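Accompanying notes for the structure given below.
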Amino acid sequence: MPMQFRALTTHIGAEVEGIDLHEPLSSAQAEEIHAAMDRYAVLVFHDQPLTNEQHLAFTSVLGPLENTANILRTAADFRLPPVFADVSNLDGRNQPYGAEDRRRLFAIGNRLWHSDSSFKAIPAKYSLLRAVRIPSKGGNTEFAHMGAAYEALDDETKALIEDLVCEHSQLFSRESVGFTDFTPEERECLKPVRQRLVRTLPRTGRKSIYLSSHAGTIAGWPLPEARLLLRDLTEHATQREFVYSHPWRIDDLVMWDNRQTMHRGRPFPAKEARDVRRTTIGGDAPTVEQAIAA
């Protein structure tokens, strides 16, 4: 049975049928998935009870893995290999974090609209998130299509933002929700990097707004003016017409293109387990030469 893609909204997302992710992915199937990602930006695979090894194998066929270790997790916290981003709310004993746990408070920043690894000099390409355990309610992940949002801008705004460069850091996103508990070593690791505000997909030539809660300012702009423009663009880009909200089921695997989407997690009962595991495919190159940020 060939793969079939069923659109979930007008602008973003498709459910994929006709593929078993336990089986090795052929080069033809990989190309179909890349083409579908270009078109839909988010792909949903239901009923895929994968092991970590199978999840990694599927990811690896699509591109090189990014190392996604969380700087706040200690060796005792590691439930997964370092090529996984453990975006669960569980500690090394598989217990939910306490209400005041520093790791839980840091992770609340994931409820802001963001793009994975935009705070790295070479930002991520795809993310692949798999649900192992889900809470009784809440915990949806929402995705917004930045290409459709760009195309809906007026010509004056497109001209204004075309050549702008933003500075991205997890310091910006976490401090915006009141989390400031960083060590000097962590602050050193989280120094801002620069990213273009408008990106172009290399395979299609389609432009998108490269937004993220990690974007704290615009190079060469006064800070208040920069943050207001970024806020206005985010409000525009996350209108309901551009958004798909995914209600998780166990054994779902959802993959998305960080170059043309933002996403955010939604609240869920803090005392319940939410075990979701992410692999990330690294990007090809910086969006802007980092030497100019020195």
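Residue numbers start at 1 in each chain; chains themselves are named A, B, ... in the order of the structure tokens; ligands are numbered from 1 in the order shown.
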Please identify which residues in segment 139-232 of chain A DSSP calls strand (DSSP E or B) from the backbone, and express them as a VMD selection string.
chain A and resid 141 to 145 165 to 168 193 to 196 198 to 200 207 to 209 215 to 218
Neighbours of segment 152-165 of chain A within 9 Å (only C-alpha atoms; same-chain residues fewer than 6 positions away dropped), as a compact mmCIF listing (two decimals) with N, CA and C atoms, in the first residue's frame?
# COMPACT_ATOMS: atom_id res chain seq x y z
N ARG A 194 22.81 34.51 16.04
CA ARG A 194 22.03 35.31 15.10
C ARG A 194 21.38 34.44 14.04
N GLN A 195 20.14 34.80 13.71
CA GLN A 195 19.36 34.08 12.70
C GLN A 195 18.60 35.09 11.83
N ARG A 196 18.48 34.77 10.56
CA ARG A 196 17.67 35.59 9.66
C ARG A 196 16.20 35.55 10.11
N LEU A 197 15.51 36.66 9.92
CA LEU A 197 14.09 36.71 10.25
C LEU A 197 13.24 36.13 9.11
N VAL A 198 13.76 36.16 7.90
CA VAL A 198 13.08 35.55 6.76
C VAL A 198 13.97 34.45 6.21
N ARG A 199 13.43 33.23 6.13
CA ARG A 199 14.18 32.09 5.60
C ARG A 199 13.52 31.61 4.32
N ILE A 209 8.59 33.21 7.82
CA ILE A 209 9.09 34.05 8.91
C ILE A 209 9.73 33.13 9.94
N THR A 217 15.83 40.08 20.31
CA THR A 217 16.03 41.41 19.75
C THR A 217 16.38 41.30 18.28
N ILE A 218 16.45 42.44 17.61
CA ILE A 218 16.82 42.52 16.20
C ILE A 218 18.10 43.32 16.10
N ALA A 219 19.08 42.78 15.41
CA ALA A 219 20.38 43.45 15.31
C ALA A 219 20.21 44.85 14.73
N GLY A 220 20.78 45.84 15.44
CA GLY A 220 20.75 47.21 14.96
C GLY A 220 19.50 48.00 15.31
N HIS A 236 0.46 37.78 14.48
CA HIS A 236 -0.03 37.53 13.11
C HIS A 236 0.13 36.07 12.73
N ALA A 237 1.31 35.50 13.01
CA ALA A 237 1.65 34.16 12.52
C ALA A 237 0.92 33.05 13.26
N VAL A 288 22.85 32.77 9.00
CA VAL A 288 23.66 33.97 8.82
C VAL A 288 25.02 33.69 9.43
Mind checking which residues fall within 9 Å of Arg111 of chain A, counting only C-alpha atoms, ignoring those fewer than 3 positions away in the same chain, and posting them as a ChimeraX atom specification?
/A:107-108,114,141,263-267
From the options A:Leu211, A:Ala57, A:Val16, A:Leu171, which residue's atoms come nearest to Lys191 of chain A, counting only C-alpha atoms?
A:Leu171
Residue contacts of Gln29 of chain A (12 Å, only C-alpha atoms) excluding same-chain residues fewer than 3 positions away, as a list in words:
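Returned residues: Met1, Pro2, Met3, Gln4, Val16, Gly18, Ile19, Asp20, Leu21, Glu23, Pro24, Leu25, Ser26, Glu32, Ile33, His34, Ala35, Ala36, Phe58, Val61 and Leu62 of chain A.
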Could those residues be written to a file, using N, CA and C atoms, as a PDB file, in the first residue's frame?
ATOM      1  N   MET A   1       0.842  -1.195   0.000  1.00  0.00           N
ATOM      2  CA  MET A   1       0.000   0.000   0.000  1.00  0.00           C
ATOM      3  C   MET A   1       0.880   1.249   0.000  1.00  0.00           C
ATOM      4  N   PRO A   2       0.729   2.129  -0.976  1.00  0.00           N
ATOM      5  CA  PRO A   2       1.562   3.340  -1.018  1.00  0.00           C
ATOM      6  C   PRO A   2       1.155   4.304   0.093  1.00  0.00           C
ATOM      7  N   MET A   3       2.075   5.196   0.437  1.00  0.00           N
ATOM      8  CA  MET A   3       1.763   6.202   1.443  1.00  0.00           C
ATOM      9  C   MET A   3       0.679   7.139   0.932  1.00  0.00           C
ATOM     10  N   GLN A   4      -0.187   7.533   1.868  1.00  0.00           N
ATOM     11  CA  GLN A   4      -1.223   8.507   1.567  1.00  0.00           C
ATOM     12  C   GLN A   4      -1.158   9.617   2.602  1.00  0.00           C
ATOM     13  N   VAL A  16      -0.486  10.571   7.904  1.00  0.00           N
ATOM     14  CA  VAL A  16       0.171   9.674   6.958  1.00  0.00           C
ATOM     15  C   VAL A  16      -0.336   8.257   7.182  1.00  0.00           C
ATOM     16  N   GLY A  18      -0.379   4.104   5.329  1.00  0.00           N
ATOM     17  CA  GLY A  18       0.288   3.239   4.365  1.00  0.00           C
ATOM     18  C   GLY A  18       1.764   3.064   4.598  1.00  0.00           C
ATOM     19  N   ILE A  19       2.209   3.249   5.855  1.00  0.00           N
ATOM     20  CA  ILE A  19       3.622   3.031   6.168  1.00  0.00           C
ATOM     21  C   ILE A  19       3.743   2.468   7.577  1.00  0.00           C
ATOM     22  N   ASP A  20       4.625   1.510   7.744  1.00  0.00           N
ATOM     23  CA  ASP A  20       4.930   0.910   9.038  1.00  0.00           C
ATOM     24  C   ASP A  20       6.342   1.344   9.400  1.00  0.00           C
ATOM     25  N   LEU A  21       6.473   2.187  10.418  1.00  0.00           N
ATOM     26  CA  LEU A  21       7.780   2.742  10.770  1.00  0.00           C
ATOM     27  C   LEU A  21       8.696   1.727  11.436  1.00  0.00           C
ATOM     28  N   GLU A  23       9.507  -0.926   9.832  1.00  0.00           N
ATOM     29  CA  GLU A  23      10.232  -1.459   8.687  1.00  0.00           C
ATOM     30  C   GLU A  23      11.254  -0.441   8.188  1.00  0.00           C
ATOM     31  N   PRO A  24      12.366  -0.911   7.611  1.00  0.00           N
ATOM     32  CA  PRO A  24      13.357   0.020   7.058  1.00  0.00           C
ATOM     33  C   PRO A  24      12.733   0.924   6.000  1.00  0.00           C
ATOM     34  N   LEU A  25      13.135   2.169   6.011  1.00  0.00           N
ATOM     35  CA  LEU A  25      12.599   3.160   5.078  1.00  0.00           C
ATOM     36  C   LEU A  25      13.420   3.126   3.796  1.00  0.00           C
ATOM     37  N   SER A  26      12.762   2.971   2.656  1.00  0.00           N
ATOM     38  CA  SER A  26      13.469   2.983   1.375  1.00  0.00           C
ATOM     39  C   SER A  26      13.809   4.425   0.990  1.00  0.00           C
ATOM     40  N   GLU A  32       9.513  10.726  -0.524  1.00  0.00           N
ATOM     41  CA  GLU A  32       8.098  11.068  -0.376  1.00  0.00           C
ATOM     42  C   GLU A  32       7.858  11.871   0.901  1.00  0.00           C
ATOM     43  N   ILE A  33       8.524  11.458   1.971  1.00  0.00           N
ATOM     44  CA  ILE A  33       8.344  12.152   3.249  1.00  0.00           C
ATOM     45  C   ILE A  33       8.930  13.558   3.179  1.00  0.00           C
ATOM     46  N   HIS A  34      10.115  13.703   2.586  1.00  0.00           N
ATOM     47  CA  HIS A  34      10.695  15.043   2.433  1.00  0.00           C
ATOM     48  C   HIS A  34       9.761  15.953   1.626  1.00  0.00           C
ATOM     49  N   ALA A  35       9.207  15.434   0.542  1.00  0.00           N
ATOM     50  CA  ALA A  35       8.304  16.229  -0.295  1.00  0.00           C
ATOM     51  C   ALA A  35       7.038  16.605   0.479  1.00  0.00           C
ATOM     52  N   ALA A  36       6.532  15.659   1.278  1.00  0.00           N
ATOM     53  CA  ALA A  36       5.349  15.951   2.079  1.00  0.00           C
ATOM     54  C   ALA A  36       5.656  16.975   3.166  1.00  0.00           C
ATOM     55  N   PHE A  58      14.489   5.329  12.048  1.00  0.00           N
ATOM     56  CA  PHE A  58      13.636   6.092  11.129  1.00  0.00           C
ATOM     57  C   PHE A  58      14.182   7.497  10.949  1.00  0.00           C
ATOM     58  N   VAL A  61      17.503   7.864   8.683  1.00  0.00           N
ATOM     59  CA  VAL A  61      17.372   7.776   7.228  1.00  0.00           C
ATOM     60  C   VAL A  61      17.050   9.143   6.625  1.00  0.00           C
ATOM     61  N   LEU A  62      16.414   9.998   7.407  1.00  0.00           N
ATOM     62  CA  LEU A  62      15.960  11.296   6.895  1.00  0.00           C
ATOM     63  C   LEU A  62      17.016  12.396   7.018  1.00  0.00           C
TER      64      LEU A  62
END
Near Pro269 of chain A, counting only C-alpha atoms, which residues have an atom at most 9 Å away, once you skip same-chain residues fewer than 4 positions from it, shown as a list of chain:residue names?
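So, after excluding close chain neighbours, the residues are A:Pro135, A:Ser136, A:Lys137, A:Gly138, A:Gly139, A:Ala273.
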The selected residues should be written to file as a PDB file, in the first residue's frame (atoms: C-alpha atoms).
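Okay, part_10.pdb is ready:
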ATOM      1  CA  PRO A 135      -1.787  12.655  30.768  1.00  0.00           C
ATOM      2  CA  SER A 136      -5.532  12.311  31.228  1.00  0.00           C
ATOM      3  CA  LYS A 137      -6.182  15.722  29.679  1.00  0.00           C
ATOM      4  CA  GLY A 138      -4.362  18.637  28.062  1.00  0.00           C
ATOM      5  CA  GLY A 139      -0.841  18.453  26.694  1.00  0.00           C
ATOM      6  CA  ALA A 273       3.283  11.634  33.654  1.00  0.00           C
TER       7      ALA A 273
END
